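Printed here is my_file-v5.txt (compact mmCIF, C-alpha atoms):
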```txt
# COMPACT_ATOMS: atom_id res chain seq x y z
CA MET L 95 0.00 0.00 0.00
CA PRO L 96 1.16 3.61 -0.50
CA ALA L 97 3.38 4.77 2.36
CA GLU L 98 1.47 8.04 2.70
CA SER L 99 -1.89 6.41 3.37
CA GLY L 100 -0.86 3.15 5.00
CA ILE L 101 0.88 4.40 8.15
CA ALA L 102 -2.00 3.82 10.60
CA GLU L 103 -2.74 0.29 9.38
CA ALA L 104 0.93 -0.67 9.27
CA ALA L 105 1.50 0.71 12.78
CA ALA L 106 -1.37 -1.43 14.08
CA VAL L 107 0.23 -4.49 12.46
CA LEU L 108 3.52 -3.73 14.23
CA ARG L 109 1.82 -3.35 17.59
CA ALA L 110 0.08 -6.70 17.04
CA GLY L 111 3.38 -8.49 16.43
CA GLY L 112 3.31 -8.45 12.63
CA LEU L 113 5.95 -7.66 10.02
CA VAL L 114 5.96 -4.44 8.00
CA ALA L 115 8.35 -3.62 5.15
CA PHE L 116 8.89 0.12 4.89
CA PRO L 117 11.11 2.57 3.01
CA THR L 118 14.02 4.35 4.61
CA GLU L 119 16.52 6.67 2.92
CA THR L 120 18.94 3.72 2.64
CA VAL L 121 17.05 0.54 1.69
CA TYR L 122 13.68 -0.98 2.57
CA GLY L 123 13.56 -2.41 6.08
CA LEU L 124 11.66 -5.41 7.42
CA GLY L 125 10.25 -4.14 10.70
CA ALA L 126 8.89 -5.70 13.86
CA ASN L 127 8.24 -4.45 17.38
CA ALA L 128 11.71 -4.40 18.94
CA LEU L 129 10.20 -4.96 22.40
CA ASP L 130 8.51 -8.21 21.31
CA ALA L 131 10.80 -11.25 21.15
CA ARG L 132 8.28 -13.31 19.16
CA ALA L 133 7.86 -10.54 16.59
CA ALA L 134 11.62 -10.23 16.24
CA ALA L 135 11.86 -13.99 15.76
CA ARG L 136 9.52 -13.65 12.78
CA ILE L 137 12.11 -11.41 11.09
CA PHE L 138 14.76 -14.12 11.31
CA GLU L 139 12.27 -16.69 10.00
CA ALA L 140 11.05 -14.55 7.08
CA LYS L 141 14.58 -13.67 5.96
CA ALA L 142 16.08 -17.10 6.70
CA ARG L 143 18.55 -15.01 8.68
CA PRO L 144 20.95 -16.80 11.04
CA SER L 145 20.29 -16.06 14.68
CA PHE L 146 23.86 -14.82 15.20
CA ASP L 147 23.39 -11.75 12.94
CA PRO L 148 21.97 -8.86 15.04
CA LEU L 149 19.25 -6.42 13.97
CA ILE L 150 19.18 -2.61 13.93
CA THR L 151 16.64 -0.91 16.18
CA HIS L 152 15.00 2.16 14.61
CA LEU L 153 13.65 5.14 16.53
CA ALA L 154 11.30 7.90 15.42
CA ASP L 155 13.37 10.72 16.92
CA ALA L 156 16.81 11.24 18.42
CA ALA L 157 15.08 12.45 21.59
CA ASP L 158 13.83 8.88 22.09
CA LEU L 159 17.34 7.48 22.64
CA PRO L 160 17.85 8.51 26.30
CA GLY L 161 14.44 7.14 27.20
CA LEU L 162 15.48 3.78 25.77
CA ILE L 163 19.10 3.41 26.96
CA GLY L 164 19.46 5.97 29.75
CA ALA L 165 22.56 8.18 29.77
CA VAL L 166 24.03 8.60 26.29
CA PRO L 167 27.85 8.51 26.08
CA PRO L 168 29.23 11.95 25.07
CA ALA L 169 30.87 10.74 21.84
CA VAL L 170 27.64 8.97 20.81
CA ALA L 171 25.64 12.09 21.67
CA ALA L 172 27.91 14.20 19.46
CA LEU L 173 27.31 11.92 16.48
CA VAL L 174 23.57 11.85 17.17
CA GLU L 175 23.51 15.65 17.19
CA ARG L 176 25.44 15.87 13.94
CA PHE L 177 24.01 13.03 11.85
CA TRP L 178 20.54 12.01 13.07
CA PRO L 179 18.17 11.57 11.39
CA GLY L 180 20.36 10.00 8.74
CA PRO L 181 22.18 6.92 7.46
CA LEU L 182 24.28 6.43 10.60
CA THR L 183 23.79 3.48 12.95
CA LEU L 184 25.43 3.71 16.36
CA ILE L 185 26.42 0.97 18.77
CA VAL L 186 25.18 1.42 22.34
CA ASP L 187 24.77 -0.84 25.36
CA ARG L 188 21.66 -3.01 25.07
CA PRO L 189 18.93 -1.90 27.48
CA ALA L 190 17.10 -4.62 29.40
CA VAL L 191 13.83 -3.78 27.66
CA ILE L 192 15.23 -4.98 24.29
CA PRO L 193 15.05 -8.81 24.07
CA PRO L 194 18.41 -10.53 23.47
CA ILE L 195 17.11 -12.01 20.19
CA VAL L 196 17.21 -8.50 18.66
CA THR L 197 20.95 -8.22 19.37
CA SER L 198 21.72 -11.91 18.77
CA GLY L 199 22.74 -12.25 22.40
CA LEU L 200 25.24 -9.39 22.30
CA ASP L 201 25.33 -6.91 25.16
CA THR L 202 25.34 -4.11 22.60
CA MET L 203 22.59 -2.77 20.34
CA ALA L 204 22.69 -1.10 16.92
CA VAL L 205 20.32 1.88 16.72
CA ARG L 206 19.48 4.72 14.35
CA VAL L 207 16.87 7.31 13.34
CA PRO L 208 16.08 7.09 9.60
CA ASP L 209 16.00 10.21 7.43
CA GLU L 210 12.73 9.24 5.75
CA ALA L 211 9.46 10.86 6.81
CA ALA L 212 7.33 7.75 6.22
CA ALA L 213 9.65 5.59 8.31
CA ARG L 214 9.66 8.01 11.23
CA ALA L 215 5.89 8.46 10.99
CA LEU L 216 5.42 4.68 11.08
CA ILE L 217 7.64 4.24 14.14
CA ALA L 218 5.97 7.15 15.94
CA ALA L 219 2.50 5.81 15.16
CA ALA L 220 3.43 2.33 16.36
CA GLY L 221 4.69 3.81 19.62
CA VAL L 222 7.51 1.27 19.92
CA PRO L 223 11.10 1.02 18.67
CA VAL L 224 11.23 -1.02 15.48
CA ALA L 225 13.83 -3.70 14.77
CA ALA L 226 14.46 -3.75 11.04
CA PRO L 227 17.15 -5.32 8.87
CA SER L 228 16.92 -4.99 5.10
CA ALA L 229 13.72 -6.53 3.69
CA ASN L 230 15.29 -9.32 1.66
CA ARG L 231 16.32 -12.94 2.02
CA PHE L 232 19.50 -13.21 4.05
CA GLY L 233 22.68 -12.64 2.07
CA GLN L 234 20.88 -11.54 -1.09
CA LEU L 235 20.57 -8.14 -2.74
CA SER L 236 19.09 -5.41 -0.59
CA PRO L 237 15.74 -3.97 -1.74
CA THR L 238 15.56 -0.37 -2.90
CA ARG L 239 12.00 -0.59 -4.26
CA ALA L 240 8.80 -2.11 -2.87
CA GLU L 241 8.67 -4.56 -5.76
CA HIS L 242 12.05 -5.93 -4.70
CA VAL L 243 10.54 -6.72 -1.30
CA VAL L 244 7.51 -8.46 -2.78
CA ALA L 245 9.64 -10.50 -5.19
CA GLY L 246 12.03 -11.57 -2.46
CA LEU L 247 9.80 -12.12 0.57
CA GLY L 248 6.25 -12.35 -0.80
CA GLY L 249 3.67 -13.49 1.73
CA ALA L 250 6.17 -13.59 4.60
CA VAL L 251 5.44 -9.87 5.11
CA ASP L 252 2.10 -8.66 6.44
CA VAL L 253 2.27 -5.15 4.95
CA VAL L 254 4.60 -3.54 2.41
CA LEU L 255 4.58 0.25 2.41
CA ASP L 256 5.53 1.57 -1.03
CA GLY L 257 7.49 4.80 -0.82
CA GLY L 258 9.12 4.56 -4.23
CA PRO L 259 12.86 4.09 -4.78
CA THR L 260 15.10 4.80 -1.82
CA ARG L 261 17.31 7.87 -1.92
CA CYS L 262 20.71 6.53 -0.80
CA GLY L 263 20.42 3.01 -2.18
CA ILE L 264 22.89 1.38 0.21
CA GLU L 265 22.74 0.62 3.91
CA SER L 266 23.69 2.85 6.81
CA THR L 267 27.21 3.30 8.08
CA ILE L 268 27.70 1.58 11.45
CA VAL L 269 29.95 3.19 14.07
CA ASP L 270 30.95 2.19 17.59
CA ALA L 271 31.83 5.46 19.32
CA ARG L 272 31.91 4.21 22.89
CA GLY L 273 35.70 3.92 23.03
CA PRO L 274 38.53 6.47 22.78
CA GLN L 275 38.30 6.55 18.96
CA PRO L 276 35.23 5.82 16.82
CA VAL L 277 35.33 2.52 14.92
CA VAL L 278 33.52 2.11 11.61
CA LEU L 279 32.13 -1.43 11.67
CA ARG L 280 30.33 -1.20 8.33
CA LEU L 281 30.91 1.23 5.48
CA GLY L 282 27.68 2.78 4.25
CA ALA L 283 25.81 5.77 2.93
CA LEU L 284 27.49 8.19 5.35
CA PRO L 285 31.06 8.60 4.02
CA VAL L 286 34.02 8.09 6.31
CA GLU L 287 35.23 11.55 5.31
CA ALA L 288 32.11 13.11 6.85
CA LEU L 289 32.78 11.29 10.11
CA VAL L 290 36.41 12.40 10.17
CA GLU L 291 35.39 16.00 9.53
CA ALA L 292 32.94 15.83 12.44
CA VAL L 293 34.90 13.90 15.08
CA GLY L 294 38.49 13.49 13.90
CA PRO L 295 40.32 10.22 13.16
CA VAL L 296 38.34 6.98 12.98
CA THR L 297 39.29 3.34 12.60
CA VAL L 298 37.73 1.27 9.81
CA ARG L 299 37.35 -2.39 10.74
CA PRO L 300 36.77 -4.92 7.94
CA GLY L 301 33.95 -7.45 7.99
CA SER L 302 34.22 -10.83 9.65
CA SER L 303 33.38 -14.39 8.75
CA GLY L 304 32.71 -15.23 12.41
CA GLN L 305 30.25 -13.86 14.97
CA PRO L 306 29.25 -10.40 13.69
CA VAL L 307 29.71 -7.51 16.10
CA ALA L 308 27.21 -5.46 14.07
CA PRO L 309 24.57 -6.11 11.40
CA GLY L 310 25.64 -6.62 7.79
CA THR L 311 29.32 -7.18 8.51
CA LEU L 312 29.76 -10.75 7.28
CA ALA L 313 32.53 -11.09 4.71
CA ALA L 314 30.12 -12.66 2.17
CA HIS L 315 26.84 -10.77 1.83
CA TYR L 316 24.63 -8.60 -0.43
CA ALA L 317 24.85 -11.10 -3.30
CA PRO L 318 22.74 -11.61 -6.44
CA ARG L 319 21.67 -15.12 -7.38
CA THR L 320 23.94 -14.82 -10.42
CA PRO L 321 27.69 -15.30 -9.85
CA LEU L 322 29.46 -11.94 -9.62
CA ILE L 323 33.10 -10.95 -10.04
CA VAL L 324 34.71 -7.56 -9.51
CA GLY L 325 37.15 -6.43 -12.16
CA ALA L 326 37.78 -4.65 -15.43
CA ALA L 327 35.19 -4.93 -18.20
CA GLU L 328 37.07 -7.26 -20.50
CA PRO L 329 35.58 -9.77 -22.95
CA ALA L 330 35.81 -13.44 -22.06
CA ALA L 331 36.57 -16.03 -24.69
CA GLY L 332 33.88 -18.58 -25.39
CA ASP L 333 31.17 -17.12 -23.20
CA GLY L 334 28.85 -16.54 -26.14
CA GLY L 335 28.05 -13.01 -25.03
CA ARG L 336 25.97 -14.19 -22.08
CA ARG L 337 27.58 -12.13 -19.32
CA GLY L 338 26.18 -9.00 -17.76
CA LEU L 339 28.14 -5.85 -16.96
CA LEU L 340 27.74 -3.41 -14.10
CA ALA L 341 29.66 -0.40 -15.40
CA TYR L 342 30.54 2.72 -13.45
CA ARG L 343 30.38 5.47 -16.13
CA GLN L 344 30.02 3.97 -19.60
CA THR L 345 29.65 0.81 -21.65
CA PRO L 346 33.10 -0.30 -22.85
CA ALA L 347 33.88 -0.27 -26.56
CA VAL L 348 34.94 -3.92 -26.46
CA GLY L 349 33.12 -7.00 -25.30
CA ASP L 350 29.86 -8.70 -26.13
CA TRP L 351 27.51 -8.21 -23.17
CA ALA L 352 24.05 -9.69 -22.81
CA ALA L 353 22.99 -6.87 -20.50
CA VAL L 354 24.63 -3.68 -19.27
CA GLU L 355 23.79 -1.35 -16.40
CA VAL L 356 25.63 1.98 -16.05
CA LEU L 357 25.61 3.43 -12.55
CA SER L 358 26.41 7.08 -13.31
CA PRO L 359 27.48 8.45 -16.70
CA GLU L 360 28.36 11.69 -14.90
CA GLY L 361 30.67 9.95 -12.48
CA ASP L 362 28.57 10.95 -9.46
CA LEU L 363 29.21 8.43 -6.68
CA THR L 364 26.06 9.42 -4.79
CA VAL L 365 23.98 8.61 -7.88
CA ALA L 366 25.95 5.39 -8.38
CA ALA L 367 25.19 4.29 -4.83
CA ALA L 368 21.49 5.05 -5.23
CA ARG L 369 21.38 2.91 -8.37
CA LEU L 370 23.63 0.06 -7.22
CA PHE L 371 21.19 -2.55 -5.90
CA ASP L 372 18.46 -1.62 -8.39
CA ALA L 373 20.91 -2.22 -11.25
CA LEU L 374 22.04 -5.52 -9.74
CA HIS L 375 18.42 -6.64 -9.37
CA ARG L 376 17.89 -6.00 -13.11
CA LEU L 377 21.06 -7.84 -14.11
CA ASP L 378 20.09 -10.71 -11.82
CA ALA L 379 16.75 -10.98 -13.65
CA ALA L 380 18.31 -10.74 -17.12
CA GLY L 381 19.29 -14.41 -17.37
CA VAL L 382 23.03 -13.76 -17.66
CA THR L 383 25.54 -16.43 -16.65
CA GLU L 384 27.82 -14.06 -14.74
CA ILE L 385 27.92 -10.41 -13.68
CA VAL L 386 31.14 -8.44 -14.08
CA ALA L 387 31.14 -5.40 -11.78
CA GLU L 388 33.56 -2.54 -12.34
CA PRO L 389 34.93 -1.04 -9.11
CA VAL L 390 34.32 2.67 -8.59
CA PRO L 391 36.73 5.29 -7.19
CA ASP L 392 37.46 4.29 -3.59
CA VAL L 393 36.57 7.64 -2.02
CA GLY L 394 33.49 8.95 -0.24
CA VAL L 395 30.47 6.71 -0.68
CA GLY L 396 32.47 4.87 -3.35
CA ARG L 397 34.14 2.97 -0.50
CA ALA L 398 30.76 1.56 0.50
CA ILE L 399 29.90 0.65 -3.11
CA ASN L 400 33.17 -1.27 -3.49
CA ASP L 401 32.58 -2.88 -0.09
CA ARG L 402 29.20 -4.21 -1.25
CA LEU L 403 30.67 -5.49 -4.51
CA ARG L 404 33.51 -7.29 -2.71
CA ARG L 405 31.09 -8.93 -0.28
CA ALA L 406 28.81 -10.00 -3.14
CA ALA L 407 31.75 -11.50 -5.02
CA ALA L 408 32.95 -13.32 -1.88
CA THR L 409 29.70 -15.27 -1.88
CA TRP L 410 30.68 -16.86 -5.18
CA HIS L 411 34.45 -17.28 -4.73
```
Please rewrite the model in this file as structure tokens.
Amino acid sequence: MPAESGIAEAAAVLRAGGLVAFPTETVYGLGANALDARAAARIFEAKARPSFDPLITHLADAADLPGLIGAVPPAVAALVERFWPGPLTLIVDRPAVIPPIVTSGLDTMAVRVPDEAAARALIAAAGVPVAAPSANRFGQLSPTRAEHVVAGLGGAVDVVLDGGPTRCGIESTIVDARGPQPVVLRLGALPVEALVEAVGPVTVRPGSSGQPVAPGTLAAHYAPRTPLIVGAAEPAAGDGGRRGLLAYRQTPAVGDWAAVEVLSPEGDLTVAAARLFDALHRLDAAGVTEIVAEPVPDVGVGRAINDRLRRAAATWH
């Protein structure tokens, strides 16, 4: 249903323990009442998500954070003041009111306030914090349109709010600012450069193949169903022109490609990020045998784009 007119009904579904897919500025989230362990369990079931991968708790307003966790650490408060609402997820101590299933048993919790009016209106109307990972099957491409959610999860979701394509197109940046220096646990839509400008030096920690310390940090993740490699757009002998290409700025002059998606002819990394998963969804549906993805400049949000491509490729190699 349209996001503008479906808020009240979707909020009632959340309060009753149901699942609601809703747009944020990053990707579509699959939401449940974060105070309800059974509702949170439905998220893991619908996504076929392993129980060791924690969820992000979403709030309607930054002012709701102290009421949930108590005293906010000064460094966390500074980032909240600067970047919320927005594509920044912060790590805080898990309050007792949040069931351990939401944090996969960790004593920490990932939390953010989305910069999308429909998302905040939904959370406010529900009157509860909302646990919400991306609204897709675990490990697969994140959804940036409502139709991606329906195609991937179907009847596992009680309500899908359609807010059109998401603005950022990739997930939030995750930061643990509780220590002496902020640690970026997941690259995302908020560039590292913006964090450095706001708070000084930060540490960037790569993903892990073991127990995740934050959502979306597994080394292999965000993958299409079609095998994907990251590299230069070069023709392959004997492939019969059945490969697909994810190009950064233009279609190469050489090579026989069955399908091509160009992220940003203008070389705008923000536009490229917004189009990334949508383009991969189209290539995945094009019947190609393999997707070749060109890396983008490794600056700004380009770091997050390359991070997603590397994780997608790791699923197949």
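Using only C-alpha atoms, the residues found no farther than 10 Å from Thr238 in chain L, other than those of its own chain fewer than 4 positions away, are Pro117, Thr118, Glu119, Thr120, Val121, Tyr122, Gly123, Ser228, Ala229, His242, Val243, Gly257, Gly258, Pro259, Thr260, Arg261, Cys262, Gly263, Ile264, Glu265, Ala368, Arg369, Leu370, Phe371, Asp372 and His375 of chain L.
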Nearest-residue call for Ala211 in chain L, choices L:Asp158, L:Glu98, L:Glu291, L:Asp130, using all atoms listed in the file: L:Glu98
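Put simply, CA of Phe138 in chain L is 24.5 Å away from CA of Leu159 in chain L.
Our summary of the geometry notes that CA of Arg188 in chain L is positioned 22.2 Å from CA of Arg176 in chain L.
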Give me the range 130-154 of chain L side of the contact with range 182-187 of chain L, cut-off 10 Å, one line per residue showing its nearest atom pair and distance in Å at one decimal, counting all atoms listed in the file, sorted by chain and residue number, as CSV.
```
residue,atom,partner,partner_atom,distance
L:Ile150,CA,L:Thr183,CA,7.7
L:Thr151,CA,L:Thr183,CA,9.0
L:His152,CA,L:Thr183,CA,9.0
```
Contacts of range 396-399 of chain L at 9 Å (only C-alpha atoms; same-chain gap of 4+ positions) as a list in words: Ile264, Glu265, Thr267, Arg280, Leu281, Gly282, Ala283, Leu284, Pro285, Val286, Leu363, Thr364, Ala366, Ala367, Leu370, Pro389, Val390, Pro391, Asp392, Leu403 and Arg404 of chain L
Point-to-point distance in Å for CA of Glu388 in chain L and CA of Val356 in chain L: 9.9 Å
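Considering all atoms listed in the file, the residue among L:Ala220, L:Leu255, L:Ala156, L:Pro181 positioned nearest to Ala97 in chain L is L:Leu255.
Proximity to Trp351 in chain L at 7 Å, evaluated using only C-alpha atoms and with sequence-adjacent residues fewer than 5 positions away removed, yields L:Gly335, L:Arg336, L:Arg337, L:Gly338, L:Leu339.
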Nearest-residue call for Phe232 in chain L, choices L:Arg143, L:Arg299, L:Arg319, L:Arg272, using only C-alpha atoms: L:Arg143
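For Ala353 in chain L, the list of residues within 12 Å, based on all atoms listed in the file and with local chain neighbours fewer than 4 positions off taken out, reads Gly335, Arg336, Arg337, Gly338, Leu339, Leu340, Ala341, Thr345, Gly349, Ala373, Leu374, Arg376, Leu377, Asp378, Ala379, Ala380, Gly381, Val382, Thr383, Glu384, Ile385 and Val386 of chain L.
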Where atoms are missing, can you supply all heavy atoms for range 374-385 of chain L and output the lot as a PDB file, in the coordinates of the input?
```
ATOM      1  N   LEU L 374      21.713  -4.112  -9.940  1.00  0.00           N
ATOM      2  CA  LEU L 374      22.040  -5.520  -9.740  1.00  0.00           C
ATOM      3  C   LEU L 374      20.796  -6.396  -9.778  1.00  0.00           C
ATOM      4  O   LEU L 374      20.845  -7.531 -10.283  1.00  0.00           O
ATOM      5  CB  LEU L 374      22.787  -5.693  -8.418  1.00  0.00           C
ATOM      6  CG  LEU L 374      24.255  -5.250  -8.430  1.00  0.00           C
ATOM      7  CD1 LEU L 374      24.827  -5.284  -7.028  1.00  0.00           C
ATOM      8  CD2 LEU L 374      25.083  -6.127  -9.371  1.00  0.00           C
ATOM      9  N   HIS L 375      19.682  -5.888  -9.265  1.00  0.00           N
ATOM     10  CA  HIS L 375      18.420  -6.640  -9.370  1.00  0.00           C
ATOM     11  C   HIS L 375      18.071  -6.875 -10.844  1.00  0.00           C
ATOM     12  O   HIS L 375      17.644  -7.977 -11.216  1.00  0.00           O
ATOM     13  CB  HIS L 375      17.289  -5.877  -8.684  1.00  0.00           C
ATOM     14  CG  HIS L 375      17.189  -6.111  -7.209  1.00  0.00           C
ATOM     15  ND1 HIS L 375      16.700  -7.285  -6.677  1.00  0.00           N
ATOM     16  CD2 HIS L 375      17.508  -5.323  -6.149  1.00  0.00           C
ATOM     17  CE1 HIS L 375      16.716  -7.214  -5.349  1.00  0.00           C
ATOM     18  NE2 HIS L 375      17.209  -6.032  -5.006  1.00  0.00           N
ATOM     19  N   ARG L 376      18.232  -5.849 -11.684  1.00  0.00           N
ATOM     20  CA  ARG L 376      17.890  -6.000 -13.110  1.00  0.00           C
ATOM     21  C   ARG L 376      18.839  -6.977 -13.797  1.00  0.00           C
ATOM     22  O   ARG L 376      18.395  -7.810 -14.604  1.00  0.00           O
ATOM     23  CB  ARG L 376      17.910  -4.637 -13.798  1.00  0.00           C
ATOM     24  CG  ARG L 376      16.723  -3.750 -13.431  1.00  0.00           C
ATOM     25  CD  ARG L 376      16.608  -2.555 -14.371  1.00  0.00           C
ATOM     26  NE  ARG L 376      17.714  -1.626 -14.196  1.00  0.00           N
ATOM     27  CZ  ARG L 376      17.704  -0.602 -13.344  1.00  0.00           C
ATOM     28  NH1 ARG L 376      16.646  -0.389 -12.576  1.00  0.00           N
ATOM     29  NH2 ARG L 376      18.742   0.200 -13.254  1.00  0.00           N
ATOM     30  N   LEU L 377      20.117  -6.898 -13.506  1.00  0.00           N
ATOM     31  CA  LEU L 377      21.060  -7.840 -14.110  1.00  0.00           C
ATOM     32  C   LEU L 377      20.771  -9.263 -13.632  1.00  0.00           C
ATOM     33  O   LEU L 377      20.885 -10.213 -14.409  1.00  0.00           O
ATOM     34  CB  LEU L 377      22.491  -7.441 -13.741  1.00  0.00           C
ATOM     35  CG  LEU L 377      23.045  -6.202 -14.442  1.00  0.00           C
ATOM     36  CD1 LEU L 377      24.388  -5.804 -13.837  1.00  0.00           C
ATOM     37  CD2 LEU L 377      23.188  -6.444 -15.943  1.00  0.00           C
ATOM     38  N   ASP L 378      20.397  -9.389 -12.373  1.00  0.00           N
ATOM     39  CA  ASP L 378      20.090 -10.710 -11.820  1.00  0.00           C
ATOM     40  C   ASP L 378      18.886 -11.343 -12.515  1.00  0.00           C
ATOM     41  O   ASP L 378      18.796 -12.570 -12.623  1.00  0.00           O
ATOM     42  CB  ASP L 378      19.830 -10.568 -10.325  1.00  0.00           C
ATOM     43  CG  ASP L 378      20.134 -11.839  -9.548  1.00  0.00           C
ATOM     44  OD1 ASP L 378      20.877 -12.698 -10.076  1.00  0.00           O
ATOM     45  OD2 ASP L 378      19.649 -11.955  -8.417  1.00  0.00           O
ATOM     46  N   ALA L 379      17.961 -10.485 -12.982  1.00  0.00           N
ATOM     47  CA  ALA L 379      16.750 -10.980 -13.650  1.00  0.00           C
ATOM     48  C   ALA L 379      16.927 -11.130 -15.154  1.00  0.00           C
ATOM     49  O   ALA L 379      16.000 -11.573 -15.844  1.00  0.00           O
ATOM     50  CB  ALA L 379      15.588 -10.027 -13.365  1.00  0.00           C
ATOM     51  N   ALA L 380      18.108 -10.768 -15.675  1.00  0.00           N
ATOM     52  CA  ALA L 380      18.310 -10.740 -17.120  1.00  0.00           C
ATOM     53  C   ALA L 380      18.721 -12.087 -17.705  1.00  0.00           C
ATOM     54  O   ALA L 380      18.885 -12.211 -18.922  1.00  0.00           O
ATOM     55  CB  ALA L 380      19.358  -9.690 -17.479  1.00  0.00           C
ATOM     56  N   GLY L 381      18.925 -13.093 -16.860  1.00  0.00           N
ATOM     57  CA  GLY L 381      19.290 -14.410 -17.370  1.00  0.00           C
ATOM     58  C   GLY L 381      20.734 -14.545 -17.792  1.00  0.00           C
ATOM     59  O   GLY L 381      21.068 -15.442 -18.580  1.00  0.00           O
ATOM     60  N   VAL L 382      21.615 -13.678 -17.299  1.00  0.00           N
ATOM     61  CA  VAL L 382      23.030 -13.760 -17.660  1.00  0.00           C
ATOM     62  C   VAL L 382      23.694 -14.867 -16.840  1.00  0.00           C
ATOM     63  O   VAL L 382      23.195 -15.282 -15.792  1.00  0.00           O
ATOM     64  CB  VAL L 382      23.749 -12.417 -17.427  1.00  0.00           C
ATOM     65  CG1 VAL L 382      23.144 -11.350 -18.329  1.00  0.00           C
ATOM     66  CG2 VAL L 382      23.663 -11.981 -15.962  1.00  0.00           C
ATOM     67  N   THR L 383      24.833 -15.343 -17.328  1.00  0.00           N
ATOM     68  CA  THR L 383      25.540 -16.430 -16.650  1.00  0.00           C
ATOM     69  C   THR L 383      26.482 -15.906 -15.569  1.00  0.00           C
ATOM     70  O   THR L 383      26.845 -16.653 -14.649  1.00  0.00           O
ATOM     71  CB  THR L 383      26.351 -17.251 -17.655  1.00  0.00           C
ATOM     72  OG1 THR L 383      27.258 -16.387 -18.348  1.00  0.00           O
ATOM     73  CG2 THR L 383      25.425 -17.927 -18.662  1.00  0.00           C
ATOM     74  N   GLU L 384      26.891 -14.662 -15.698  1.00  0.00           N
ATOM     75  CA  GLU L 384      27.820 -14.060 -14.740  1.00  0.00           C
ATOM     76  C   GLU L 384      27.704 -12.550 -14.835  1.00  0.00           C
ATOM     77  O   GLU L 384      27.400 -12.000 -15.906  1.00  0.00           O
ATOM     78  CB  GLU L 384      29.260 -14.498 -15.059  1.00  0.00           C
ATOM     79  CG  GLU L 384      30.301 -13.996 -14.071  1.00  0.00           C
ATOM     80  CD  GLU L 384      31.705 -14.479 -14.434  1.00  0.00           C
ATOM     81  OE1 GLU L 384      32.187 -14.139 -15.547  1.00  0.00           O
ATOM     82  OE2 GLU L 384      32.320 -15.192 -13.624  1.00  0.00           O
ATOM     83  N   ILE L 385      27.915 -11.874 -13.708  1.00  0.00           N
ATOM     84  CA  ILE L 385      27.920 -10.410 -13.680  1.00  0.00           C
ATOM     85  C   ILE L 385      29.342  -9.942 -13.410  1.00  0.00           C
ATOM     86  O   ILE L 385      29.973 -10.368 -12.441  1.00  0.00           O
ATOM     87  CB  ILE L 385      26.980  -9.858 -12.595  1.00  0.00           C
ATOM     88  CG1 ILE L 385      25.534 -10.267 -12.863  1.00  0.00           C
ATOM     89  CG2 ILE L 385      27.088  -8.334 -12.506  1.00  0.00           C
ATOM     90  CD1 ILE L 385      24.581  -9.948 -11.718  1.00  0.00           C
TER      91      ILE L 385
END
```
